[in-house]
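Peer 1: What follows is a structure written as structure tokens; I'll ask about it next.
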Amino acid sequence: KKRLDLRELLTVTVEGDSQNYQNPVVGNAFTLKNLEEGQWQLGVHITDVASWFPPDSPLEREAKLRGTAVYLGETVLPLLPEPVAQRCSLVPEQDRLTISVLLTLNKDGEPIEFEIHPSVINVDHQFSYEQVQSLLGEHQETEPELAAVVEMLKELFFTLSPTVRTARRRRGSFELNLSHNQYPQTQYPYKDEGRLGAVVVSTSVPIQSLLMELVILANQAVASHLQGLSLPGIYCIQPESNFDELQDLIKLGENLGLDLELEQEEDITPQDYQQFLHLFAQSTAPQVLTYLLRSTLKPIAYRSKPGFHFGLALNTGYTHCTSPIWRYADLFIQRVLGFLFEEGRDRRSTRSKDRVNLNSSSCHGNVNWNVLPPEIQQELENQSKELISHLNEREKLVMDAEDDLEGLKKAEQMKERTGDVFTGLITGVQSYGFFVEIEDLLVEGLVHVSSLKDDWYEYRSRHSCLVGRKNRTAYRLGDHVEVQVKSVDYYRQQIDLVTVSGGSTVPNGDFDE
């Protein structure tokens, strides 16, 4: 009842490899219709997890406690038990309850209006990223029964998604070109920008980032609707990066011959990152520089009020709502929308004849009354304020654990390669030695100054280099060197390197303080 019946629409799901459960769990489905004047109606359909159990149930309390699914290698701590997740999963040829975000986009890929409905869908086709890429291959012959869906996929990934990406770039947003090895979180089930806060592009799976563009639009629309109706919400923000951290990377880029300048001194903008990434692509070390730039991004955070999201260059408000199987913040947003659908008042009073459509963005600016009953509004506001602190703590805890695991995996990998020689880039210089990023593996190690036996090396802080007193050999920020893995402390995640060759000879007087 009260659900929009969308079962007749051609509906597809596109998933990566599932790490959550033994069987694939699908949380999102997609539809696309061509409208007049070159416009599209994009449907992003989110499994309605909130409809399966009440808000005061043991399942809800445990999900709230966990806050988010956790991925530690092959060990996964899910938000919901597998039977529940499987029941919510959007599987082919079965009716499923969803919340549908129906966006009308103009020919430039910009949202004109949207509607959000409780709905019922029936998935026609379930694909993996690899299957979609194969179907869209230039020399792939299409089977007759797949002709319609292949046409839809071509429209989605060859026309609409690139247009939406161009619109995102126009406002200053950027994307990071990282492989699964460089950023393992690309294998997580979230289809939006996730914990990193920026769009990640993988050359091996380009479909993933193109789909991300569309999911981000749905998150934006829901955030806009929460604000337009003054509903309680949990907003996702990302602060700007720290100037001191970015300054080290700017200095490294300059030593590599790149002109990395901020548009406004000490005022970092997403447009700066966009420009830096453009220059990195033309450098001798694009992977290392992109990887280091990624580490300067601040983690996302949840707030009760909308704020600026740096990675997406959004100052109009943003939320997470598309992964309720894996993140509790998304499930809470579904609860808020559920109250809107069931209890929302579409007119000022029972005597008023003028009604608004509470499911549509067309009502924004036309509502000057409390949409929800006061007691529900107050309860949801109290819940959101309590949740935000808890969810931020959980996100930090999980992020630290995942980072630790990544560090331990790198240490284990390098321990097995003790004695091997690699080419690397000097990414940091201190009085006690210099740090080298091994380019092929994106693993950082330290060459301690005590291992430089050929001379007495002095630190030149202004020039970020170590200079030998006698032989005038310098190890500078941005120099390429050959290093050998000397030893690895697994638990401290410390990799000790020794130089094999590299550095540069400088004349007397150069690099003096």
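Ordered as shown in the structure tokens, chains take letters A, B, and onward, while each chain numbers its residues from 1 and ligands are numbered from 1 in the order shown.
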If you count only C-alpha atoms, which residues fall within 7 Å of segment 301-315 of chain A, apart from same-chain ones fewer than 6 positions away, as number ranges by chain?
Peer 2: A: 171-174, 197-198, 233-240, 270, 384-385, 388, 392
Peer 1: Would you mind listing what lies within 12 Å of segment 465-480 of chain A as a ChimeraX atom specification, with only C-alpha atoms counted and same-chain residues fewer than 6 positions away left out?
Peer 2: /A:248-258,283-285,288-289,422-439,447-449,452-459,499-513
Peer 1: Would you compute the distance between atom CA of Ser161 of chain A and atom CA of Trp40 of chain A? Give it in Å to one decimal.
Peer 2: 11.4 Å
Peer 1: Tell me, which residues of segment 211-426 of chain A carry DSSP helix (DSSP H, G or I), written as JSON, numbers by chain?
Peer 2: {"A": [211, 212, 213, 214, 215, 216, 217, 218, 219, 220, 221, 222, 223, 224, 225, 226, 227, 228, 243, 244, 245, 246, 247, 248, 249, 250, 251, 252, 253, 254, 255, 270, 271, 272, 273, 274, 275, 276, 277, 278, 279, 280, 286, 287, 288, 289, 290, 291, 292, 293, 294, 295, 296, 328, 329, 330, 331, 332, 333, 334, 335, 336, 337, 338, 339, 340, 341, 342, 343, 361, 362, 363, 374, 375, 376, 377, 378, 379, 380, 381, 382, 383, 384, 385, 386, 387, 388, 389, 390, 391, 392, 393, 394, 395, 396, 397, 398, 399, 400, 401, 402, 403, 404, 405, 406, 407, 408, 409, 410, 411, 412, 413, 414, 415]}
Peer 1: Segment 371-373 of chain A: which residues within 9 Å, counting only C-alpha atoms, same-chain residues fewer than 6 positions away excluded, as a list in words?
Peer 2: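 The residues satisfying every condition are Leu229, Ser230, Leu231, Phe339, Leu340, Glu343, Gly344, Arg345, Asp346, Arg347, Arg348 and Leu358 of chain A.
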Peer 1: Now that the selection is made, can you save its residues with C-alpha atoms as a PDB file, in the first residue's frame?
Peer 2:
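The result, written out as result.pdb:
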```pdb
ATOM      1  CA  LEU A 229      11.179  19.859   4.372  1.00  0.00           C
ATOM      2  CA  SER A 230      13.188  20.716   7.539  1.00  0.00           C
ATOM      3  CA  LEU A 231      13.405  17.032   8.474  1.00  0.00           C
ATOM      4  CA  PHE A 339       7.949   8.690   8.769  1.00  0.00           C
ATOM      5  CA  LEU A 340       7.633  11.251   5.974  1.00  0.00           C
ATOM      6  CA  GLU A 343       2.972  10.668   8.779  1.00  0.00           C
ATOM      7  CA  GLY A 344       3.855  13.645   6.573  1.00  0.00           C
ATOM      8  CA  ARG A 345       1.317  16.483   6.429  1.00  0.00           C
ATOM      9  CA  ASP A 346       0.893  17.705   2.858  1.00  0.00           C
ATOM     10  CA  ARG A 347      -1.069  20.849   3.788  1.00  0.00           C
ATOM     11  CA  ARG A 348      -0.945  23.465   6.515  1.00  0.00           C
ATOM     12  CA  LEU A 358       5.802  15.720  -0.216  1.00  0.00           C
TER      13      LEU A 358
END
```
Peer 1: Calculate how many Å separate atom CA of Val483 of chain A from atom CA of Leu408 of chain A, rounding to one decimal.
Peer 2: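 Between these atoms lies a distance of 20.6 Å.
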Peer 1: Would you pick out the contacts of Leu6 of chain A at 8 Å or less, using only C-alpha atoms, so that residues sharing its chain but fewer than 2 positions from it are not included, and give the list as a PyMOL selection string?
Peer 2: chain A and resi 4+8-9+119-122
Peer 1: Would you list the contacts of Val123 of chain A as number ranges by chain, taking every protein, DNA or RNA residue within 12 Å and counting only C-alpha atoms, but skipping same-chain residues closer than 2 positions in sequence?
Peer 2: A: 6-14, 26-31, 45, 47, 89-98, 120-121, 125-127, 149
Peer 1: Got a sec: who's within 12 Å of Phe53 of chain A, counting only C-alpha atoms, leaving out chain neighbours fewer than 3 positions off, as a list in words?
Peer 2: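 So, after excluding close chain neighbours, the residues are Asp48, Val49, Ala50, Asp56, Ser57, Pro58, Leu59, Glu60, Arg61, Ala63, Leu80, Val84, Ala85, Arg87, Cys88, Leu331 and Arg335 of chain A.
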Peer 1: What separation in Å, quoted to one decimal, exists between atom CA of Val222 of chain A and atom CA of Val336 of chain A?
Peer 2: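 Atom-to-atom, atom CA of Val222 of chain A and atom CA of Val336 of chain A are spaced 10.7 Å apart.
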Peer 1: So which residues of segment 362-478 of chain A fall under strand (DSSP E) by DSSP, listed as a PyMOL selection string?
Peer 2: chain A and resi 421-430+433-438+443-448+457-460+465-468+473-476
Peer 1: For Glu395 of chain A, work out the shell of residues within 9 Å, counting only C-alpha atoms and skipping chain neighbours fewer than 5 positions away, then give it as number ranges by chain.
Peer 2: A: 67-68, 195, 300-301, 390, 400
Peer 1: Grab the residues selected above and save them as a PDB file, in the first residue's frame with C-alpha atoms.
Peer 2:
```
ATOM      1  CA  GLY A  67      27.420   1.581  13.178  1.00  0.00           C
ATOM      2  CA  THR A  68      29.000   0.215  10.023  1.00  0.00           C
ATOM      3  CA  ARG A 195      34.870   6.739   3.715  1.00  0.00           C
ATOM      4  CA  ILE A 300      34.457  12.293   6.277  1.00  0.00           C
ATOM      5  CA  ALA A 301      32.333  13.100   9.320  1.00  0.00           C
ATOM      6  CA  HIS A 390      28.613   7.391  18.141  1.00  0.00           C
ATOM      7  CA  ASP A 400      42.181   2.965  12.115  1.00  0.00           C
TER       8      ASP A 400
END
```
Peer 1: Using only C-alpha atoms, which of the listed residues (A:Thr166, A:Gln208, A:Thr159, A:Ser202) sits closest to Gly16 of chain A?
Peer 2: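 Of all the options, A:Gln208 lies closest to Gly16 of chain A.
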